[in-house]
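So this block is work_22.tsv, TSV, C-alpha atoms and all ligand atoms:
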chain	number	residue	atom	x	y	z
P	264	MET	CA	-30.01	-2.74	-5.48
P	265	MET	CA	-26.70	-1.33	-6.54
P	266	ASN	CA	-25.93	2.28	-6.02
P	267	ALA	CA	-22.87	4.46	-6.05
P	268	SER	CA	-22.78	4.69	-2.25
P	269	ASP	CA	-22.10	0.98	-1.78
P	270	PRO	CA	-18.67	0.42	-0.21
P	271	ILE	CA	-17.49	-1.08	-3.48
P	272	PRO	CA	-20.09	-0.08	-6.02
P	273	PHE	CA	-21.36	-2.70	-8.46
P	274	LEU	CA	-18.59	-5.19	-7.59
P	275	LYS	CA	-20.90	-8.18	-7.21
P	276	GLY	CA	-22.76	-7.29	-10.38
P	277	ILE	CA	-19.51	-6.84	-12.31
P	278	LEU	CA	-18.12	-10.18	-11.20
P	279	GLU	CA	-21.39	-11.84	-12.17
P	280	GLY	CA	-21.22	-10.27	-15.60
P	281	GLU	CA	-24.38	-8.23	-15.17
P	282	HIS	CA	-24.54	-5.77	-18.04
P	283	ARG	CA	-26.18	-2.97	-16.10
P	284	ALA	CA	-23.63	-3.11	-13.31
P	285	ILE	CA	-20.79	-3.22	-15.83
P	286	ALA	CA	-22.18	-0.22	-17.74
P	287	ARG	CA	-22.57	1.83	-14.57
P	288	ALA	CA	-19.16	0.87	-13.31
P	289	ILE	CA	-17.60	1.93	-16.60
P	290	SER	CA	-19.30	5.32	-16.38
P	291	GLN	CA	-17.80	5.84	-12.93
P	292	VAL	CA	-14.38	4.77	-14.17
P	293	GLU	CA	-14.67	6.96	-17.26
P	294	ASN	CA	-15.45	10.01	-15.15
P	295	ASP	CA	-12.71	9.15	-12.69
P	296	THR	CA	-15.06	9.43	-9.72
P	297	ALA	CA	-14.34	8.22	-6.19
P	298	ALA	CA	-16.63	5.26	-6.88
P	299	GLY	CA	-14.65	4.54	-10.04
P	300	CYS	CA	-11.41	4.47	-8.04
P	301	ALA	CA	-12.97	2.15	-5.44
P	302	ILE	CA	-14.08	-0.19	-8.21
P	303	MET	CA	-10.62	-0.22	-9.75
P	304	ARG	CA	-8.97	-0.99	-6.42
P	305	SER	CA	-11.29	-3.91	-5.83
P	306	ILE	CA	-11.14	-5.70	-9.16
P	307	TYR	CA	-7.40	-6.40	-9.58
P	308	PRO	CA	-7.54	-9.81	-7.87
P	309	HIS	CA	-10.25	-10.84	-10.33
P	310	LEU	CA	-8.33	-10.17	-13.54
P	311	GLY	CA	-6.59	-12.55	-15.89
P	312	ARG	CA	-9.28	-14.33	-17.82
P	313	ALA	CA	-9.61	-12.05	-20.83
P	314	ARG	CA	-7.44	-11.77	-23.89
P	315	VAL	CA	-7.42	-8.42	-25.63
P	316	LEU	CA	-7.61	-7.85	-29.37
P	317	GLY	CA	-6.85	-4.41	-30.79
P	318	VAL	CA	-8.45	-3.44	-34.08
P	319	THR	CA	-7.14	-0.25	-35.59
P	320	GLY	CA	-6.87	1.41	-38.98
P	321	ALA	CA	-7.64	4.51	-40.98
P	322	PRO	CA	-11.08	6.16	-40.69
P	323	GLY	CA	-13.57	4.33	-42.88
P	324	ALA	CA	-11.37	1.27	-43.44
P	325	GLY	CA	-14.24	-0.89	-42.24
P	326	LYS	CA	-13.17	-1.55	-38.65
P	327	SER	CA	-16.65	-1.47	-37.14
P	328	THR	CA	-18.08	-3.66	-39.89
P	329	LEU	CA	-15.22	-6.10	-39.33
P	330	VAL	CA	-15.61	-6.07	-35.55
P	331	SER	CA	-19.30	-6.71	-35.96
P	332	GLU	CA	-18.51	-9.78	-38.07
P	333	LEU	CA	-15.92	-10.96	-35.54
P	334	ILE	CA	-18.46	-10.69	-32.74
P	335	GLY	CA	-20.72	-13.00	-34.73
P	336	GLU	CA	-17.91	-15.42	-35.56
P	337	PHE	CA	-16.52	-15.64	-32.02
P	338	GLY	CA	-20.07	-15.83	-30.67
P	339	ARG	CA	-20.67	-18.90	-32.85
P	340	ARG	CA	-17.46	-20.36	-31.44
P	341	GLY	CA	-18.95	-20.01	-27.97
P	342	ARG	CA	-16.85	-17.14	-26.73
P	343	SER	CA	-18.10	-14.23	-24.70
P	344	VAL	CA	-17.02	-10.99	-26.31
P	345	ALA	CA	-16.86	-7.39	-25.12
P	346	VAL	CA	-16.13	-4.48	-27.43
P	347	VAL	CA	-14.75	-1.07	-26.54
P	348	ALA	CA	-15.13	1.22	-29.54
P	349	VAL	CA	-13.15	4.44	-29.29
P	350	ASP	CA	-14.87	6.81	-31.65
P	351	PRO	CA	-13.08	9.21	-33.87
P	352	SER	CA	-13.85	12.68	-32.57
P	353	SER	CA	-15.30	14.97	-35.17
P	354	PRO	CA	-14.86	18.72	-35.04
P	355	PHE	CA	-18.53	19.00	-35.95
P	356	SER	CA	-20.29	16.62	-33.62
P	357	GLY	CA	-17.48	16.11	-31.14
P	358	GLY	CA	-19.24	13.00	-29.96
P	359	ALA	CA	-19.73	9.33	-30.54
P	360	ILE	CA	-20.61	8.19	-34.03
P	361	LEU	CA	-24.10	6.85	-33.82
P	362	GLY	CA	-23.74	4.55	-36.80
P	363	ASP	CA	-21.32	2.30	-34.94
P	364	ARG	CA	-23.87	1.70	-32.25
P	365	ILE	CA	-26.66	0.94	-34.66
P	366	ARG	CA	-24.52	-1.47	-36.65
P	367	MET	CA	-23.52	-3.31	-33.54
P	368	GLU	CA	-26.94	-3.28	-31.92
P	369	ARG	CA	-27.99	-6.67	-33.24
P	370	HIS	CA	-25.30	-8.29	-31.13
P	371	ALA	CA	-25.75	-6.04	-28.14
P	372	LEU	CA	-28.83	-7.89	-27.01
P	373	ALA	CA	-27.05	-11.17	-26.54
P	374	LYS	CA	-26.02	-11.81	-22.96
P	375	ARG	CA	-22.52	-12.91	-23.87
P	376	VAL	CA	-21.79	-9.76	-25.85
P	377	PHE	CA	-21.21	-6.36	-24.33
P	378	ILE	CA	-20.52	-3.25	-26.40
P	379	ARG	CA	-19.43	0.13	-25.19
P	380	SER	CA	-18.49	3.28	-27.07
P	381	LEU	CA	-16.02	5.71	-25.56
P	382	ALA	CA	-15.59	9.23	-26.81
P	383	SER	CA	-11.96	9.88	-27.62
P	384	ARG	CA	-12.01	13.12	-25.67
P	385	GLY	CA	-12.99	14.25	-22.21
P	386	HIS	CA	-11.19	11.75	-20.00
P	387	PRO	CA	-9.75	13.44	-16.92
P	388	GLY	CA	-6.75	11.11	-16.80
P	389	GLY	CA	-6.35	10.66	-20.54
P	390	LEU	CA	-7.91	8.27	-23.06
P	391	THR	CA	-5.29	5.54	-22.72
P	392	ARG	CA	-5.76	5.35	-18.97
P	393	THR	CA	-9.52	5.07	-19.37
P	394	VAL	CA	-9.23	2.32	-21.98
P	395	TYR	CA	-6.92	0.23	-19.76
P	396	ARG	CA	-9.35	0.60	-16.88
P	397	VAL	CA	-12.42	-0.23	-18.92
P	398	VAL	CA	-10.63	-3.33	-20.22
P	399	ASP	CA	-9.88	-4.32	-16.61
P	400	VAL	CA	-13.55	-3.96	-15.66
P	401	LEU	CA	-14.57	-6.14	-18.61
P	402	ASP	CA	-11.90	-8.70	-17.71
P	403	ALA	CA	-13.22	-8.83	-14.14
P	404	ALA	CA	-16.69	-9.33	-15.60
P	405	GLY	CA	-15.45	-12.55	-17.16
P	406	PHE	CA	-15.40	-11.77	-20.87
P	407	GLU	CA	-13.04	-14.09	-22.68
P	408	LEU	CA	-12.28	-11.76	-25.55
P	409	ILE	CA	-12.18	-7.98	-25.37
P	410	ILE	CA	-11.96	-6.14	-28.68
P	411	VAL	CA	-10.72	-2.55	-28.61
P	412	GLU	CA	-11.48	-0.62	-31.81
P	413	THR	CA	-9.55	2.60	-32.36
P	414	VAL	CA	-8.85	4.84	-35.31
P	415	GLY	CA	-5.15	4.64	-36.06
P	416	ALA	CA	-4.87	8.35	-36.62
P	417	GLY	CA	-2.19	9.49	-34.23
P	418	GLN	CA	0.10	8.72	-31.34
P	419	ALA	CA	-2.72	8.61	-28.79
P	420	GLU	CA	-4.37	5.80	-30.71
P	421	VAL	CA	-1.12	3.96	-31.13
P	422	ASP	CA	-0.69	4.20	-27.35
P	423	VAL	CA	-4.14	2.73	-26.86
P	424	ALA	CA	-3.22	-0.24	-29.07
P	425	ASP	CA	-0.66	-1.22	-26.40
P	426	VAL	CA	-3.49	-2.54	-24.26
P	427	ALA	CA	-3.94	-5.43	-26.70
P	428	ASP	CA	-2.33	-8.87	-26.71
P	429	VAL	CA	-2.81	-9.07	-30.47
P	430	ARG	CA	-3.20	-6.17	-32.88
P	431	VAL	CA	-5.10	-6.24	-36.14
P	432	VAL	CA	-4.53	-3.31	-38.48
P	433	VAL	CA	-7.26	-2.82	-41.09
P	434	CYS	CA	-6.45	-1.25	-44.44
P	435	ALA	CA	-8.71	-0.72	-47.42
P	436	PRO	CA	-8.17	0.27	-51.01
P	437	GLY	CA	-8.63	3.83	-52.05
P	438	LEU	CA	-8.22	5.60	-48.75
P	439	GLY	CA	-4.64	6.64	-49.19
P	440	ASP	CA	-4.40	4.77	-45.94
P	441	ASP	CA	-1.00	3.31	-46.70
P	442	VAL	CA	0.55	6.73	-46.29
P	443	GLN	CA	-1.58	7.62	-43.28
P	444	ALA	CA	-0.85	4.32	-41.62
P	445	LEU	CA	2.86	4.74	-42.08
P	446	LYS	CA	2.69	8.22	-40.64
P	447	ALA	CA	0.97	7.05	-37.50
P	448	GLY	CA	3.31	4.09	-37.28
P	449	ILE	CA	0.44	1.67	-37.14
P	450	LEU	CA	1.82	-0.73	-39.70
P	451	GLU	CA	4.70	-1.25	-37.29
P	452	ILE	CA	2.42	-2.48	-34.54
P	453	ALA	CA	0.37	-4.94	-36.60
P	454	ASP	CA	0.50	-8.62	-35.75
P	455	ILE	CA	-2.11	-9.28	-38.41
P	456	LEU	CA	-2.68	-6.97	-41.34
P	457	VAL	CA	-6.14	-7.12	-42.88
P	458	VAL	CA	-6.84	-5.94	-46.39
P	459	ASN	CA	-10.55	-5.21	-46.17
P	460	LYS	CA	-13.00	-4.44	-48.98
P	461	CYS	CA	-11.53	-7.13	-51.23
P	462	ASP	CA	-14.67	-6.84	-53.32
P	463	LEU	CA	-13.22	-3.59	-54.66
P	464	PRO	CA	-11.05	-3.68	-57.79
P	465	LEU	CA	-8.02	-1.95	-56.24
P	466	ALA	CA	-7.71	-4.48	-53.43
P	467	ASP	CA	-5.00	-6.50	-55.19
P	468	LYS	CA	-2.80	-3.46	-55.56
P	469	THR	CA	-3.38	-2.44	-51.93
P	470	GLU	CA	-2.42	-5.92	-50.78
P	471	LEU	CA	0.74	-5.89	-52.88
P	472	ASP	CA	1.74	-2.44	-51.59
P	473	LEU	CA	1.15	-3.47	-48.00
P	474	ARG	CA	3.07	-6.74	-48.33
P	475	PHE	CA	5.99	-4.77	-49.67
P	476	MET	CA	5.81	-2.16	-46.93
P	477	VAL	CA	5.76	-4.64	-44.07
P	478	SER	CA	8.35	-6.99	-45.53
P	479	VAL	CA	11.10	-5.05	-43.79
P	480	ARG	CA	10.54	-3.71	-40.32
P	481	LYS	CA	12.62	-1.19	-38.51
P	482	ASP	CA	12.67	-3.13	-35.26
P	483	GLY	CA	13.44	-6.43	-36.98
P	484	SER	CA	10.27	-8.10	-35.68
P	485	PRO	CA	8.66	-10.69	-37.96
P	486	ALA	CA	6.41	-9.35	-40.72
P	487	PRO	CA	2.72	-9.57	-39.89
P	488	ARG	CA	0.49	-12.02	-41.70
P	489	VAL	CA	-1.59	-10.37	-44.40
P	490	LEU	CA	-5.19	-11.58	-44.74
P	491	ARG	CA	-7.85	-10.63	-47.26
P	492	VAL	CA	-11.34	-9.90	-46.00
P	493	THR	CA	-14.61	-8.52	-47.26
P	494	ALA	CA	-16.32	-7.46	-44.06
P	495	THR	CA	-19.64	-6.61	-45.69
P	496	SER	CA	-20.07	-10.16	-47.01
P	497	GLY	CA	-18.20	-11.96	-44.24
P	498	ALA	CA	-15.69	-13.45	-46.68
P	499	GLY	CA	-12.38	-14.21	-44.95
P	500	ILE	CA	-13.78	-13.70	-41.44
P	501	PRO	CA	-13.42	-17.34	-40.28
P	502	GLU	CA	-9.79	-17.34	-41.45
P	503	LEU	CA	-9.16	-14.08	-39.61
P	504	ALA	CA	-10.77	-15.50	-36.46
P	505	ASP	CA	-8.52	-18.58	-36.80
P	506	ALA	CA	-5.43	-16.39	-37.06
P	507	ILE	CA	-6.47	-14.39	-34.00
P	508	GLU	CA	-7.22	-17.53	-32.00
P	509	SER	CA	-3.92	-19.08	-32.90
P	510	ASP	CA	-2.12	-15.94	-31.68
P	511	LEU	CA	-4.12	-15.97	-28.46
P	512	ARG	CA	-3.87	-19.69	-27.86
P	513	GLY	CA	-2.57	-20.64	-24.48
P	514	ASP	CA	-3.35	-21.99	-21.08
P	515	GLY	CA	-4.01	-20.21	-17.81
P	516	ARG	CA	-0.33	-19.54	-17.35
P	517	ARG	CA	-0.13	-17.78	-20.70
P	518	ARG	CA	-3.18	-15.71	-19.78
P	519	GLN	CA	-1.56	-14.74	-16.51
P	520	GLN	CA	1.57	-13.67	-18.37
P	521	SER	CA	-0.37	-11.50	-20.78
P	522	LEU	CA	-2.16	-9.90	-17.84
P	523	LEU	CA	1.20	-9.03	-16.32
P	524	VAL	CA	2.36	-7.52	-19.62
P	525	ARG	CA	-0.83	-5.47	-19.82
P	526	MET	CA	-0.42	-4.29	-16.23
P	527	ARG	CA	3.20	-3.40	-16.78
P	528	ARG	CA	2.31	-1.25	-19.79
P	529	GLN	CA	-0.51	0.36	-17.86
P	530	VAL	CA	1.72	1.19	-14.91
P	531	ALA	CA	4.51	2.45	-17.18
P	532	HIS	CA	2.06	4.68	-19.05
P	533	GLU	CA	0.64	6.07	-15.83
P	534	ALA	CA	4.07	6.57	-14.28
P	535	ALA	CA	5.33	8.44	-17.35
P	536	ASN	CA	2.24	10.64	-17.28
P	537	THR	CA	2.76	11.37	-13.61
P	538	VAL	CA	6.36	12.40	-14.15
P	539	ARG	CA	5.38	14.60	-17.08
P	540	ARG	CA	2.57	16.23	-15.15
P	541	ARG	CA	4.68	16.91	-12.08
P	542	LEU	CA	7.57	18.34	-14.03
P	543	GLY	CA	5.29	20.42	-16.20
P	544	ALA	CA	2.97	21.72	-13.53
P	545	THR	CA	5.39	23.28	-11.12
P	546	SER	CA	7.52	26.24	-11.91
P	547	SER	CA	10.34	24.20	-10.51
P	548	GLU	CA	13.43	26.15	-9.56
P	549	ALA	CA	15.29	22.91	-9.27
P	550	LEU	CA	14.43	21.91	-12.83
P	551	ASP	CA	15.29	25.39	-14.10
P	552	ALA	CA	18.65	25.15	-12.38
P	553	LEU	CA	19.31	21.76	-13.98
P	554	CYS	CA	18.47	23.10	-17.43
P	555	ALA	CA	20.64	26.15	-16.88
P	556	ALA	CA	23.53	23.86	-15.94
P	557	LEU	CA	22.88	21.88	-19.12
P	558	ALA	CA	22.93	25.09	-21.15
P	559	ARG	CA	26.30	25.97	-19.64
P	560	GLY	CA	27.61	22.56	-20.62
P	561	GLU	CA	28.27	21.57	-17.00
P	562	VAL	CA	26.17	18.41	-17.03
P	563	THR	CA	25.06	15.92	-19.65
P	564	TYR	CA	21.56	15.72	-21.01
P	565	GLU	CA	21.21	12.19	-19.64
P	566	ASP	CA	22.16	13.41	-16.15
P	567	VAL	CA	19.51	16.10	-16.31
P	568	VAL	CA	16.84	13.61	-17.37
P	569	ALA	CA	17.76	11.24	-14.56
P	570	ALA	CA	17.73	14.12	-12.09
P	571	ALA	CA	14.36	15.27	-13.39
P	572	ILE	CA	12.86	11.83	-12.78
P	573	ARG	CA	14.22	11.89	-9.24
P	574	LEU	CA	12.82	15.38	-8.81
P	575	ALA	CA	9.36	14.23	-9.85
P	576	SER	CA	9.58	11.23	-7.54
P	577	ASN	CA	10.56	13.32	-4.55
P	578	GLU	CA	7.36	15.26	-4.91
P	579	VAL	CA	5.39	12.16	-3.99
P	580	ALA	CA	3.63	12.84	-0.75
P	581	PRO	CA	4.12	9.99	1.74
P	582	PRO	CA	1.01	7.81	1.91
P	583	SER	CA	-1.23	9.04	4.71
P	601	LIG	N1	-17.23	-2.42	-50.46
P	601	LIG	C1	-17.02	-2.64	-49.18
P	601	LIG	N2	-17.37	-1.71	-48.28
P	601	LIG	C2	-17.14	-1.96	-46.98
P	601	LIG	C3	-16.56	-3.17	-46.53
P	601	LIG	N3	-16.44	-3.11	-45.19
P	601	LIG	C4	-16.93	-1.93	-44.80
P	601	LIG	N4	-17.37	-1.23	-45.87
P	601	LIG	C5	-18.01	0.10	-45.87
P	601	LIG	O1	-17.08	1.09	-45.51
P	601	LIG	C6	-17.73	2.12	-44.78
P	601	LIG	C7	-17.01	2.33	-43.46
P	601	LIG	O2	-17.18	1.19	-42.66
P	601	LIG	P1	-16.99	1.22	-41.09
P	601	LIG	O3	-17.09	-0.17	-40.61
P	601	LIG	O4	-17.85	2.23	-40.47
P	601	LIG	O5	-15.49	1.74	-41.03
P	601	LIG	P2	-14.66	2.18	-39.73
P	601	LIG	O6	-13.26	1.88	-40.04
P	601	LIG	O7	-15.25	1.60	-38.50
P	601	LIG	O8	-14.92	3.74	-39.75
P	601	LIG	P3	-14.62	4.79	-38.55
P	601	LIG	O9	-15.06	4.16	-37.26
P	601	LIG	O10	-15.44	5.99	-38.92
P	601	LIG	O11	-13.16	5.07	-38.60
P	601	LIG	C8	-19.17	1.68	-44.61
P	601	LIG	O12	-19.92	2.32	-45.57
P	601	LIG	C9	-19.11	0.19	-44.84
P	601	LIG	O13	-20.31	-0.33	-45.34
P	601	LIG	C10	-16.21	-4.15	-47.52
P	601	LIG	O14	-15.70	-5.23	-47.23
P	601	LIG	N5	-16.46	-3.81	-48.83
P	602	MG	MG	-15.85	2.50	-36.61
In structure tokens, write the structure found in this file.
Ligand SMILES: Nc1nc2c(ncn2[C@@H]2O[C@H](COP(=O)(O)OP(=O)(O)OP(=O)(O)O)[C@@H](O)[C@H]2O)c(=O)[nH]1
Ligand SMILES: [Mg+2]
Amino acid sequence: MMNASDPIPFLKGILEGEHRAIARAISQVENDTAAGCAIMRSIYPHLGRARVLGVTGAPGAGKSTLVSELIGEFGRRGRSVAVVAVDPSSPFSGGAILGDRIRMERHALAKRVFIRSLASRGHPGGLTRTVYRVVDVLDAAGFELIIVETVGAGQAEVDVADVADVRVVVCAPGLGDDVQALKAGILEIADILVVNKCDLPLADKTELDLRFMVSVRKDGSPAPRVLRVTATSGAGIPELADAIESDLRGDGRRRQQSLLVRMRRQVAHEAANTVRRRLGATSSEALDALCAALARGEVTYEDVVAAAIRLASNEVAPPS
């Protein structure tokens, strides 16, 4: 039997894709326990099979309904699918939204489908860090497609979307989501833009608005494809699945490359957090002195930033 005192807890179960082992491992990782760290250390050599799809959009745009349909569609195409749903946190309940779980339950029983909700708050090392780690666990467990659903409400969620190889942004008529989406910068990150709820009369206008908005991008990257979907009826889902598959197409080498990209982003995120934490935590005389010198015009801003990074690095204790 598995238990948390195993040298590497749940590893065998994870690699065999056992749902109970995966669920327990994720809990350890989520809570950043010693067992969670041991698991993370042990799984890196087993990564590289999964491709990651990000699904984001305004609250109520229909993300969970859409993801549910995609699970069915990819399931029919013979793919194993894992879903990480990052719930919007509500000031009232503060917890996971039960409805998502119920809607997805019908797939949850299937062996090749694994669904996990994460609360958007309460992660010792930050939400983004947890999501990357949970994705790694699911990759080690052998899932071919990992879908990460997040609400595109702010910078934290946009950060989370970085975990994905391909990003789908879901918009729907009548939510004022065009403005919200622009605010959060999520239109900028879309590889595929989905106009959901095309059964509603205002869908045509929403599509037109969105096509216009994404036709010119600040960073000069190609405009995303725009697809029409009605998640509640399943209309447009096969075409969306085709578009996703064509973006994710590739051999083992391509998968290895996307793993390296994912790891690089993960490491960069963690490194930036570490620098920020170290510089913020200490009442650093050295940093104060640098800032004072900047205020006197003796050094450039860029010099101070570079020095600050060095300062944070020097605080690394040598490995024992
Ligand atoms: N008319 C119509 N309603 C839809 C469609 N897709 C989803 N909905 C409805 O929109 C509401 C929100 O759907 P969800 O799938 O929960 O949306 P979500 O984006 O996951 O919402 P949050 O997770 O709370 O941000 C539900 O009442 C759905 O039934 C659609 O294609 N047409
Ligand atoms: Mg949802």
Nearby polymer residues, ligand LIG 601 (chain P), at most 9 Å, all atoms listed in the file, as a VMD selection string: chain P and resid 319 to 331 348 to 351 360 362 to 363 366 412 to 415 433 to 435 458 to 463 492 to 498
What does the distance from CA of Ile455 (chain P) to CA of Ala427 (chain P) come to in Å, to one decimal? 12.5 Å
Nearest to ligand MG 602 (chain P): which of P:Ser380, P:Asn577, P:Ser343, P:Ser484 is it, counting all atoms listed in the file?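 Ranked by minimum distance to ligand MG 602 (chain P), first place goes to P:Ser380.
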Using all atoms listed in the file, can you tell me which of P:Leu553, P:Leu278, P:Ala571, P:Leu381 comes closest to Phe406 (chain P)? P:Leu278
With a distance cut-off of 8 Å and all atoms listed in the file, select the neighbouring residues of Glu336 (chain P), excluding the residue or stretch itself and same-chain residues fewer than 4 positions from it, and output the selection as a list in words. Glu332, Arg340, Ile500, Pro501 and Ala504 of chain P
Best match for closeness to ligand MG 602 (chain P) among P:Val457, P:Thr296, P:Val318, P:Thr563, counting all atoms listed in the file: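 Checking each of P:Val457, P:Thr296, P:Val318, P:Thr563 against ligand MG 602 (chain P), counting all atoms listed in the file, the winner is P:Val318.
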Taking into account all atoms listed in the file, which residue in the set P:Val423, P:Val344, P:Val411, P:Ile334 is nearest to ligand MG 602 (chain P)? P:Val411
Excluding Gly389 (chain P) and any residue of its chain fewer than 6 positions from it, enumerate the residues within 10 Å of it, using all atoms listed in the file, and give them as a ChimeraX atom specification. /P:293,383,419,533,536
Write out as a PyMOL selection string the residues lying within 7 Å of Phe377 (chain P), counting all atoms listed in the file and excluding same-chain residues fewer than 2 positions away. chain P and resi 344-346+371+375+379
Keeping only C-alpha atoms, take the residues you just selected and write them out as an mmCIF file, in the coordinates of the input.
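This is the output file selection-v5.cif:
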data_model
loop_
_atom_site.group_PDB
_atom_site.id
_atom_site.type_symbol
_atom_site.label_atom_id
_atom_site.label_comp_id
_atom_site.auth_asym_id
_atom_site.auth_seq_id
_atom_site.Cartn_x
_atom_site.Cartn_y
_atom_site.Cartn_z
ATOM 1 C CA VAL P 344 -17.020 -10.990 -26.310
ATOM 2 C CA ALA P 345 -16.860 -7.390 -25.120
ATOM 3 C CA VAL P 346 -16.130 -4.480 -27.430
ATOM 4 C CA ALA P 371 -25.750 -6.040 -28.140
ATOM 5 C CA ARG P 375 -22.520 -12.910 -23.870
ATOM 6 C CA ARG P 379 -19.430 0.130 -25.190
#
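Nearest to Val347 (chain P) of all the residues P:Ala555, P:Leu511, P:Leu401, P:Leu465 is P:Leu401, counting all atoms listed in the file.
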Emit a file covering region 446-476 of chain P of the preceding structure with C-alpha atoms, as a PDB file, in the first residue's frame.
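For reference, part-v2.pdb as written:
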ATOM      1  CA  LYS P 446      -7.702  44.467 -19.723  1.00  0.00           C
ATOM      2  CA  ALA P 447      -6.239  41.182 -18.598  1.00  0.00           C
ATOM      3  CA  GLY P 448      -4.292  40.897 -21.833  1.00  0.00           C
ATOM      4  CA  ILE P 449      -5.746  37.506 -22.559  1.00  0.00           C
ATOM      5  CA  LEU P 450      -6.602  38.208 -26.165  1.00  0.00           C
ATOM      6  CA  GLU P 451      -2.883  38.703 -26.696  1.00  0.00           C
ATOM      7  CA  ILE P 452      -2.065  35.191 -25.559  1.00  0.00           C
ATOM      8  CA  ALA P 453      -4.690  33.345 -27.610  1.00  0.00           C
ATOM      9  CA  ASP P 454      -3.582  30.875 -30.251  1.00  0.00           C
ATOM     10  CA  ILE P 455      -7.203  29.998 -30.886  1.00  0.00           C
ATOM     11  CA  LEU P 456     -10.060  32.329 -30.077  1.00  0.00           C
ATOM     12  CA  VAL P 457     -13.399  30.649 -29.471  1.00  0.00           C
ATOM     13  CA  VAL P 458     -16.674  32.503 -29.773  1.00  0.00           C
ATOM     14  CA  ASN P 459     -18.901  30.360 -27.586  1.00  0.00           C
ATOM     15  CA  LYS P 460     -22.693  30.490 -27.208  1.00  0.00           C
ATOM     16  CA  CYS P 461     -23.224  30.929 -30.940  1.00  0.00           C
ATOM     17  CA  ASP P 462     -26.847  29.980 -30.355  1.00  0.00           C
ATOM     18  CA  LEU P 463     -27.301  33.476 -28.907  1.00  0.00           C
ATOM     19  CA  PRO P 464     -28.337  36.316 -31.222  1.00  0.00           C
ATOM     20  CA  LEU P 465     -25.422  38.620 -30.376  1.00  0.00           C
ATOM     21  CA  ALA P 466     -22.795  36.041 -31.313  1.00  0.00           C
ATOM     22  CA  ASP P 467     -22.244  37.483 -34.802  1.00  0.00           C
ATOM     23  CA  LYS P 468     -21.457  40.892 -33.409  1.00  0.00           C
ATOM     24  CA  THR P 469     -19.128  39.424 -30.774  1.00  0.00           C
ATOM     25  CA  GLU P 470     -17.283  37.488 -33.455  1.00  0.00           C
ATOM     26  CA  LEU P 471     -16.920  40.586 -35.617  1.00  0.00           C
ATOM     27  CA  ASP P 472     -15.649  42.663 -32.683  1.00  0.00           C
ATOM     28  CA  LEU P 473     -13.141  40.008 -31.712  1.00  0.00           C
ATOM     29  CA  ARG P 474     -11.861  39.528 -35.261  1.00  0.00           C
ATOM     30  CA  PHE P 475     -11.264  43.242 -35.444  1.00  0.00           C
ATOM     31  CA  MET P 476      -9.525  43.383 -32.074  1.00  0.00           C
TER      32      MET P 476
END
